[in-house]
$ cat my_file.cif   # mmCIF, C-alpha atoms
data_my_file
loop_
_atom_site.label_atom_id
_atom_site.label_comp_id
_atom_site.auth_asym_id
_atom_site.auth_seq_id
_atom_site.Cartn_x
_atom_site.Cartn_y
_atom_site.Cartn_z
CA MET I 1 67.79 85.43 115.63
CA THR I 2 69.68 86.83 118.58
CA VAL I 3 72.41 89.47 118.42
CA ARG I 4 74.92 86.68 118.98
CA ASP I 5 73.69 84.67 115.94
CA VAL I 6 73.72 87.72 113.67
CA ALA I 7 77.24 88.66 114.81
CA ARG I 8 78.57 85.11 114.38
CA ASP I 9 77.09 84.76 110.88
CA ALA I 10 78.42 88.14 109.77
CA TYR I 11 81.88 87.38 111.17
CA ARG I 12 82.15 83.96 109.52
CA GLU I 13 80.98 85.25 106.16
CA ALA I 14 83.32 88.23 106.06
CA LEU I 15 86.56 86.83 107.50
CA PRO I 16 87.82 84.88 104.41
CA ALA I 17 87.34 87.87 102.07
CA LEU I 18 89.02 90.22 104.53
CA ALA I 19 91.91 87.82 105.02
CA ALA I 20 92.42 87.53 101.24
CA SER I 21 92.45 91.29 100.76
CA LEU I 22 94.77 91.59 103.78
CA VAL I 23 97.38 89.52 101.93
CA GLY I 24 97.01 91.60 98.74
CA GLY I 25 97.16 94.83 100.73
CA LEU I 26 100.29 93.81 102.63
CA PHE I 27 102.17 92.92 99.45
CA ALA I 28 101.01 96.16 97.83
CA GLY I 29 102.38 97.96 100.91
CA VAL I 30 105.74 96.25 100.57
CA ILE I 31 105.95 97.35 96.91
CA LEU I 32 104.97 100.91 97.94
CA SER I 33 107.60 101.01 100.67
CA GLY I 34 110.19 99.76 98.17
CA MET I 35 109.25 102.66 95.87
CA ARG I 36 110.65 105.46 98.06
CA ALA I 37 113.23 106.54 95.44
CA GLU I 38 110.50 106.86 92.81
CA LEU I 39 108.16 108.70 95.22
CA ARG I 40 110.95 111.23 95.86
CA ALA I 41 111.72 111.55 92.14
CA VAL I 42 108.07 112.21 91.22
CA PRO I 43 106.52 114.65 93.73
CA GLY I 44 102.74 114.26 93.74
CA LEU I 45 102.86 110.55 92.92
CA LEU I 46 101.90 109.58 96.50
CA VAL I 47 98.78 111.78 96.25
CA LEU I 48 97.74 109.74 93.20
CA VAL I 49 98.16 106.33 94.84
CA PRO I 50 94.76 105.98 96.64
CA ALA I 51 92.84 107.19 93.59
CA LEU I 52 94.65 104.78 91.25
CA LEU I 53 94.14 101.81 93.59
CA ALA I 54 90.46 102.62 94.12
CA THR I 55 89.93 102.96 90.35
CA ARG I 56 91.22 99.41 89.84
CA GLY I 57 88.78 98.12 92.47
CA ASN I 58 85.79 100.16 91.24
CA VAL I 59 86.25 99.43 87.51
CA TYR I 60 87.27 95.77 87.54
CA GLY I 61 84.93 94.89 90.42
CA SER I 62 82.09 96.17 88.28
CA LEU I 63 83.43 94.31 85.21
CA GLY I 64 83.40 91.08 87.24
CA ALA I 65 79.86 91.75 88.45
CA ARG I 66 78.69 92.44 84.86
CA ILE I 67 80.23 89.25 83.49
CA SER I 68 78.73 87.19 86.35
CA THR I 69 75.30 88.63 85.66
CA ALA I 70 75.67 87.95 81.91
CA LEU I 71 76.71 84.34 82.66
CA HIS I 72 73.72 83.86 84.98
CA GLN I 73 71.42 85.20 82.26
CA GLY I 74 73.06 83.02 79.60
CA LEU I 75 74.10 86.05 77.53
CA VAL I 76 77.79 85.12 77.56
CA GLU I 77 79.37 81.69 77.07
CA PRO I 78 82.06 80.84 79.62
CA ARG I 79 84.78 80.58 76.94
CA ILE I 80 87.50 83.12 76.25
CA ARG I 81 88.26 81.88 72.73
CA GLY I 82 85.71 82.66 70.07
CA GLY I 83 85.71 86.36 70.94
CA ASP I 84 82.17 86.88 72.21
CA GLU I 85 80.98 90.34 71.20
CA ARG I 86 79.43 91.21 74.60
CA LEU I 87 82.49 90.05 76.47
CA ARG I 88 84.83 92.05 74.25
CA SER I 89 82.78 95.22 74.57
CA ALA I 90 82.48 94.85 78.37
CA VAL I 91 86.27 94.48 78.66
CA ALA I 92 86.89 97.37 76.25
CA ALA I 93 84.50 99.62 78.23
CA ALA I 94 86.22 98.71 81.52
CA LEU I 95 89.65 99.48 80.05
CA ALA I 96 88.43 102.81 78.67
CA ASN I 97 86.80 103.76 82.01
CA GLY I 98 89.93 102.74 83.90
CA LEU I 99 92.21 104.79 81.64
CA LEU I 100 89.95 107.84 81.73
CA ALA I 101 89.64 107.77 85.53
CA SER I 102 93.42 107.32 85.91
CA VAL I 103 94.24 110.25 83.64
CA PHE I 104 91.54 112.33 85.34
CA ALA I 105 93.15 111.51 88.73
CA ALA I 106 96.56 112.62 87.42
CA VAL I 107 95.22 115.92 86.01
CA ALA I 108 93.16 116.62 89.15
CA SER I 109 96.09 115.95 91.53
CA PHE I 110 98.34 118.15 89.42
CA ALA I 111 95.74 120.95 89.49
CA VAL I 112 95.09 120.70 93.25
CA LEU I 113 98.80 120.53 94.15
CA THR I 114 99.54 123.50 91.87
CA VAL I 115 96.75 125.54 93.50
CA LEU I 116 98.08 124.56 96.96
CA ASP I 117 101.52 125.75 95.81
CA ALA I 118 103.05 122.33 96.55
CA VAL I 119 106.00 120.82 94.68
CA VAL I 120 104.63 118.63 91.89
CA ALA I 121 106.13 116.75 88.95
CA PRO I 122 105.37 118.05 85.41
CA LEU I 123 101.84 117.19 84.18
CA PRO I 124 103.03 115.01 81.23
CA VAL I 125 105.06 112.83 83.65
CA LEU I 126 102.05 112.24 85.96
CA VAL I 127 99.68 111.65 83.04
CA SER I 128 102.02 109.17 81.32
CA ILE I 129 102.53 107.26 84.59
CA ALA I 130 98.73 107.10 85.09
CA LEU I 131 98.20 105.97 81.47
CA VAL I 132 100.90 103.30 81.40
CA SER I 133 99.98 101.89 84.84
CA GLY I 134 96.26 102.03 83.99
CA LEU I 135 96.81 100.13 80.74
CA LEU I 136 99.13 97.44 82.15
CA SER I 137 97.14 96.80 85.34
CA GLY I 138 93.88 97.00 83.36
CA VAL I 139 94.93 94.29 80.90
CA ALA I 140 96.23 92.10 83.75
CA LEU I 141 93.12 92.57 85.91
CA ALA I 142 90.67 92.07 83.05
CA GLY I 143 92.51 88.83 82.22
CA VAL I 144 92.41 87.63 85.84
CA VAL I 145 88.76 88.60 86.38
CA VAL I 146 87.49 86.99 83.15
CA THR I 147 89.56 83.81 83.60
CA ALA I 148 88.61 83.38 87.28
CA VAL I 149 84.90 84.12 86.78
CA PHE I 150 84.70 81.65 83.85
CA ALA I 151 86.72 78.95 85.68
CA GLY I 152 84.56 79.38 88.79
CA TYR I 153 81.34 79.25 86.78
CA ARG I 154 82.36 76.10 84.90
CA ARG I 155 83.11 74.40 88.23
CA GLY I 156 79.65 75.27 89.47
CA ARG I 157 80.64 78.10 91.84
CA ASP I 158 78.63 81.31 91.99
CA PRO I 159 80.92 83.86 90.27
CA ASP I 160 79.31 86.71 92.29
CA THR I 161 80.99 85.53 95.50
CA LEU I 162 84.36 85.18 93.74
CA VAL I 163 84.54 88.65 92.26
CA GLY I 164 84.71 90.79 95.43
CA PRO I 165 87.63 89.14 97.23
CA LEU I 166 89.45 88.45 93.94
CA VAL I 167 89.35 92.07 92.80
CA THR I 168 90.26 93.57 96.17
CA THR I 169 93.24 91.21 96.46
CA THR I 170 94.65 91.34 92.94
CA GLY I 171 93.57 94.98 92.38
CA ASP I 172 95.87 96.31 95.11
CA LEU I 173 98.70 93.99 94.16
CA PHE I 174 98.64 94.54 90.37
CA GLY I 175 97.73 98.21 90.79
CA MET I 176 100.87 98.82 92.83
CA LEU I 177 103.14 96.50 90.85
CA PHE I 178 102.31 98.11 87.51
CA LEU I 179 102.50 101.58 89.09
CA LEU I 180 106.12 100.77 89.96
CA VAL I 181 106.76 99.46 86.42
CA ALA I 182 105.12 102.56 84.90
CA VAL I 183 107.11 105.02 87.06
CA ARG I 184 110.41 103.34 86.22
CA LEU I 185 109.53 103.25 82.51
CA VAL I 186 108.44 106.90 82.36
CA LEU I 187 111.42 108.09 84.42
CA SER I 188 113.93 106.23 82.26
CA LEU I 189 112.28 107.49 79.05
CA SER I 190 112.19 111.09 80.27
CA GLY I 191 115.83 110.82 81.38
CA VAL I 192 115.17 112.10 84.92
CA LEU I 193 116.67 109.04 86.59
CA MET T 194 79.35 104.44 85.37
CA LEU T 195 81.85 107.12 84.29
CA PRO T 196 80.41 110.16 86.18
CA VAL T 197 80.22 108.16 89.43
CA LEU T 198 83.75 106.91 88.82
CA LEU T 199 85.08 110.45 88.39
CA VAL T 200 83.36 111.66 91.59
CA LEU T 201 84.79 108.69 93.50
CA THR T 202 88.23 109.52 92.05
CA LEU T 203 87.93 113.05 93.47
CA VAL T 204 86.96 111.61 96.89
CA GLU T 205 90.04 109.37 96.78
CA LEU T 206 92.15 112.40 95.87
CA GLY T 207 91.20 113.72 99.33
CA SER T 208 92.93 110.75 100.95
CA GLY T 209 95.89 111.26 98.61
CA LEU T 210 96.22 114.85 99.85
CA VAL T 211 96.23 113.64 103.48
CA LEU T 212 98.98 111.16 102.52
CA GLY T 213 100.89 114.00 100.84
CA ARG T 214 100.79 115.96 104.11
CA PHE T 215 102.74 113.26 105.95
CA GLU T 216 104.89 112.18 103.03
CA ALA T 217 108.14 113.09 104.85
CA GLN T 218 107.28 110.75 107.76
CA LEU T 219 106.15 107.99 105.40
CA LEU T 220 109.37 108.18 103.40
CA GLN T 221 111.41 108.14 106.60
CA TYR T 222 109.72 104.98 107.93
CA PRO T 223 109.01 102.39 105.18
CA THR T 224 106.86 100.39 107.63
CA LEU T 225 104.35 103.24 107.81
CA LEU T 226 104.23 103.36 104.01
CA ALA T 227 103.58 99.61 103.99
CA LEU T 228 100.58 100.15 106.31
CA VAL T 229 98.87 102.53 103.83
CA PRO T 230 97.30 100.20 101.18
CA VAL T 231 96.29 97.53 103.68
CA THR T 232 94.69 100.03 106.10
CA ILE T 233 92.77 101.73 103.27
CA GLY T 234 91.73 98.36 101.84
CA THR T 235 90.61 96.85 105.14
CA ALA T 236 88.65 99.97 106.16
CA GLY T 237 86.92 100.05 102.75
CA ASN T 238 86.14 96.32 102.90
CA LEU T 239 84.74 96.50 106.46
CA GLY T 240 82.46 99.31 105.26
CA SER T 241 81.34 97.59 102.06
CA ILE T 242 80.63 94.28 103.84
CA LEU T 243 78.62 96.00 106.60
CA ALA T 244 76.74 98.12 104.03
CA ALA T 245 75.93 95.05 101.90
CA ARG T 246 74.61 93.15 104.93
CA LEU T 247 72.49 96.02 106.22
CA SER T 248 71.18 96.58 102.72
CA THR T 249 70.15 92.94 102.42
CA SER T 250 68.40 92.97 105.84
CA PHE T 251 66.71 96.17 104.76
CA HIS T 252 65.42 94.60 101.51
CA LEU T 253 64.27 91.51 103.42
CA GLY T 254 62.38 93.79 105.80
CA THR T 255 64.20 92.47 108.87
CA LEU T 256 65.94 95.77 109.67
CA SER T 257 64.46 98.45 111.90
CA PHE T 258 66.28 101.59 112.98
CA ASP T 259 65.90 100.87 116.66
CA PRO T 260 68.93 100.84 118.99
CA ASP T 261 67.84 97.37 120.17
CA ASP T 262 67.51 95.91 116.65
CA GLU T 263 69.46 92.65 116.62
CA HIS T 264 70.63 93.12 112.99
CA LEU T 265 72.09 96.54 113.75
CA VAL T 266 73.73 95.47 117.02
CA GLY T 267 74.90 92.07 115.73
CA ASN T 268 76.49 93.53 112.59
CA ALA T 269 78.16 96.27 114.63
CA VAL T 270 79.57 93.65 117.03
CA ALA T 271 80.83 91.59 114.06
CA THR T 272 82.52 94.67 112.54
CA PHE T 273 84.41 95.24 115.81
CA ALA T 274 85.35 91.57 116.08
CA LEU T 275 86.61 91.56 112.46
CA ALA T 276 88.70 94.71 113.05
CA LEU T 277 90.15 93.17 116.22
CA SER T 278 91.06 89.99 114.29
CA ILE T 279 92.52 91.64 111.18
CA PHE T 280 94.43 94.72 112.43
CA PRO T 281 96.88 92.86 114.73
CA VAL T 282 97.86 90.79 111.65
CA VAL T 283 98.15 94.03 109.64
CA GLY T 284 100.65 95.41 112.19
CA VAL T 285 102.76 92.28 112.51
CA GLY T 286 102.63 91.62 108.74
CA ALA T 287 103.67 95.14 107.74
CA TRP T 288 106.49 95.09 110.29
CA GLY T 289 107.74 91.62 109.29
CA LEU T 290 107.61 92.18 105.52
CA THR T 291 109.37 95.58 105.62
CA ALA T 292 112.02 94.12 107.96
CA LEU T 293 112.96 91.95 104.97
CA ILE T 294 113.54 94.88 102.60
CA GLY T 295 115.46 97.12 105.00
CA GLY T 296 115.39 100.85 105.73
CA VAL T 297 114.88 102.57 109.10
CA GLN T 298 112.87 100.13 111.17
CA LEU T 299 110.28 101.05 113.80
CA PRO T 300 109.96 98.72 116.82
CA LEU T 301 107.29 95.99 116.44
CA ARG T 302 105.51 97.28 119.58
CA ILE T 303 104.96 100.71 117.95
CA VAL T 304 103.78 99.31 114.59
CA PHE T 305 101.43 96.88 116.34
CA THR T 306 99.98 99.68 118.52
CA ILE T 307 99.50 101.97 115.49
CA ALA T 308 97.71 99.21 113.54
CA VAL T 309 95.41 98.10 116.38
CA THR T 310 94.56 101.66 117.54
CA SER T 311 93.74 102.66 113.94
CA GLY T 312 91.69 99.48 113.58
CA ILE T 313 89.52 100.18 116.64
CA ALA T 314 89.00 103.82 115.63
CA LEU T 315 88.18 102.74 112.06
CA ALA T 316 85.65 100.10 113.17
CA THR T 317 83.81 102.80 115.17
CA LEU T 318 83.82 105.23 112.23
CA VAL T 319 82.84 102.53 109.70
CA ILE T 320 79.80 101.63 111.83
CA ALA T 321 78.79 105.29 112.26
CA VAL T 322 79.20 106.10 108.54
CA THR T 323 77.42 102.95 107.33
CA PHE T 324 74.47 103.29 109.74
CA THR T 325 74.07 106.97 108.82
CA ALA T 326 74.28 106.31 105.06
CA THR T 327 71.80 103.41 105.25
CA TYR T 328 69.42 105.49 107.38
CA VAL T 329 69.63 108.45 104.98
CA ALA T 330 68.99 106.14 102.00
CA TYR T 331 65.97 104.72 103.86
CA ARG T 332 64.57 108.16 104.72
CA PHE T 333 64.90 109.33 101.11
CA SER T 334 63.55 106.01 99.74
CA LEU T 335 66.76 105.29 97.78
CA ASP T 336 67.90 101.75 97.07
CA PRO T 337 70.74 101.19 99.59
CA ASP T 338 72.49 98.80 97.13
CA ASP T 339 72.98 101.55 94.56
CA VAL T 340 73.91 104.42 96.82
CA VAL T 341 75.23 103.22 100.14
CA ILE T 342 77.86 100.68 99.05
CA PRO T 343 79.96 102.94 96.76
CA VAL T 344 79.60 105.94 99.10
CA VAL T 345 80.55 103.91 102.18
CA THR T 346 83.45 102.05 100.50
CA ASN T 347 85.12 105.20 99.21
CA THR T 348 84.41 107.24 102.39
CA CYS T 349 85.98 104.45 104.44
CA ASP T 350 89.03 104.48 102.12
CA VAL T 351 89.51 108.15 102.95
CA LEU T 352 88.86 107.60 106.67
CA GLY T 353 91.51 104.83 106.60
CA VAL T 354 94.19 107.35 105.61
CA VAL T 355 92.91 110.07 107.97
CA VAL T 356 92.82 107.71 110.97
CA LEU T 357 96.28 106.31 110.13
CA PHE T 358 97.62 109.87 109.93
CA ALA T 359 96.02 110.85 113.27
CA THR T 360 97.27 107.69 115.01
CA VAL T 361 100.82 108.17 113.73
CA GLN T 362 100.86 111.80 114.97
CA LEU T 363 99.56 110.62 118.35
CA LEU T 364 101.88 107.66 118.86
CA LEU T 365 105.11 108.59 117.10
#
$ encode --input "my_file.cif" --output "structure tokens"
Amino acid sequence: MTVRDVARDAYREALPALAASLVGGLFAGVILSGMRAELRAVPGLLVLVPALLATRGNVYGSLGARISTALHQGLVEPRIRGGDERLRSAVAAALANGLLASVFAAVASFAVLTVLDAVVAPLPVLVSIALVSGLLSGVALAGVVVTAVFAGYRRGRDPDTLVGPLVTTTGDLFGMLFLLVAVRLVLSLSGVL
Amino acid sequence: MLPVLLVLTLVELGSGLVLGRFEAQLLQYPTLLALVPVTIGTAGNLGSILAARLSTSFHLGTLSFDPDDEHLVGNAVATFALALSIFPVVGVGAWGLTALIGGVQLPLRIVFTIAVTSGIALATLVIAVTFTATYVAYRFSLDPDDVVIPVVTNTCDVLGVVVLFATVQLLL
């Protein structure tokens, strides 16, 4: 193989996945730029954004990879009804990890910003936003990942190649969308806005 | 899974703190805010794709750490070509979509230049970080699949924000 062959192969393989995540990222950006009022109302929220988005990708990407592996090994049936024990526990573990990491991100940002003497929203506000957005986006992403991996598998596609682009695209989009929903909900409940 | 996840969360908090430092500028120009998730995402993806490919060549025994190695050079060339294909679309897309929702608008020329300059800088950094991480994993006989991909993806996320910040300070 020459340098040219290697480069052409790598380019062709990567471009579709990058293009898909580009679309998700751009829409996430539009939601973020429409959230300026909320970002002003909750100081410290912007600091949380990269951690929350990365958590969605890390947790649900790994859930997708686990389910694909279990399908390949014949440990899980590609059916959502029937409540397979392994499937349920994998989804429950992903949700728990996602919630823990989100709350941890909220507490850590609050601590760092307080130490740096920066203006930061009260801890309960940040933690409730992280919890609510983690729960809503977690349920949505688990649903999307499980449905898409099963549908792909039943149609004879390798679910491993579906998971990466799917999670990076929908993870950013749902992560940001439910962050907006969570901020609005928490702000209206706490009577700040 | 959980301990790694918490460490990665702390790494991402670093990029959040960089974002916090230029929050005033981001809130003033919605287009810049729109560039944030897509720049982070693309930088992370370029890194994870390059790391996965190098890791596979490494496992297949076709990779050598020689400056003339065709897998190293070819994958580096592809990373540059991908950045040069994606980042112009990032600039135009972020500008066009935020034009629809209003707010103070930056000229297209500026947004395009910010996106493409960040893209070129990021491609260079992604290659440097991924090559270094793969080489370190190789020297310490670690499996590059386990170590390199999460480290590279999350480091590139942080670099995405840092490079965007530096480019905005330079060009705005």
$ atom_distance --input "my_file.cif" --atom1 "CA of Val341 in chain T" --atom2 "CA of Ile233 in chain T"
17.9 Å
$ resolve_selection --input "my_file.cif" --expression "the PyMOL selection byres ((chain I and resi 181) around 12)" --output "list of chain:residue names"
I:Ile31, I:Leu32, I:Met35, I:Glu38, I:Ser128, I:Ile129, I:Ala130, I:Leu131, I:Val132, I:Ser133, I:Gly134, I:Leu135, I:Leu136, I:Ser137, I:Phe174, I:Gly175, I:Met176, I:Leu177, I:Phe178, I:Leu179, I:Leu180, I:Ala182, I:Val183, I:Arg184, I:Leu185, I:Val186, I:Leu187, I:Ser188
$ resolve_selection --input "my_file.cif" --expression "the PyMOL selection byres ((chain T) within 8 of (chain I))" --output "number ranges by chain"
T: 195, 198-199, 202-203, 205-206, 208-213, 216, 220, 223-224, 226-232, 234-235, 238-239, 242, 246, 263-264, 266-272, 274-275, 279, 283, 286-287, 290-291, 294, 347
$ resolve_selection --input "my_file.cif" --expression "the PyMOL selection byres ((chain T and resi 250) around 12)" --output "list in words"
Val6 and Ala10 of chain I; Leu243, Ala244, Ala245, Arg246, Leu247, Ser248, Thr249, Phe251, His252, Leu253, Gly254, Thr255, Leu256, Ser257, Phe258, Asp262, Glu263, His264, Leu265, Gly267, Asn268, Thr327, Pro337 and Asp338 of chain T
$ atom_distance --input "my_file.cif" --atom1 "CA of Gly237 in chain T" --atom2 "CA of Cys349 in chain T"
4.8 Å
$ atom_distance --input "my_file.cif" --atom1 "CA of Val145 in chain I" --atom2 "CA of Tyr60 in chain I"
7.4 Å
$ residues_around --input "my_file.cif" --residues "Leu123 in chain I" --least-positions-apart "6" --cutoff "9 Å" --atoms "only C-alpha atoms" --output "PDB file with C-alpha atoms, in the frame of the given file"
ATOM      1  CA  ALA I 106      96.560 112.620  87.420  1.00  0.00           C
ATOM      2  CA  VAL I 107      95.220 115.920  86.010  1.00  0.00           C
ATOM      3  CA  PHE I 110      98.340 118.150  89.420  1.00  0.00           C
ATOM      4  CA  ALA I 111      95.740 120.950  89.490  1.00  0.00           C
TER       5      ALA I 111
END
$ closest_residue --input "my_file.cif" --among "T:Ala292, T:Ile320, T:Val356, T:Val345" --to "Phe273 in chain T" --atoms "only C-alpha atoms"
T:Ile320
$ closest_residue --input "my_file.cif" --among "T:Ser241, T:Gln221, T:Gln298, T:Ser311" --to "Pro281 in chain T" --atoms "all atoms listed in the file"
T:Ser311
$ axis_aligned_box --input "my_file.cif" --around "range 284-290 of chain T" --padding-each-side "6 Å" --output "lines of an AutoDock Vina configuration file"
center_x = 104.2
center_y = 93.5
center_z = 109.0
size_x = 19.1
size_y = 15.8
size_z = 19.0
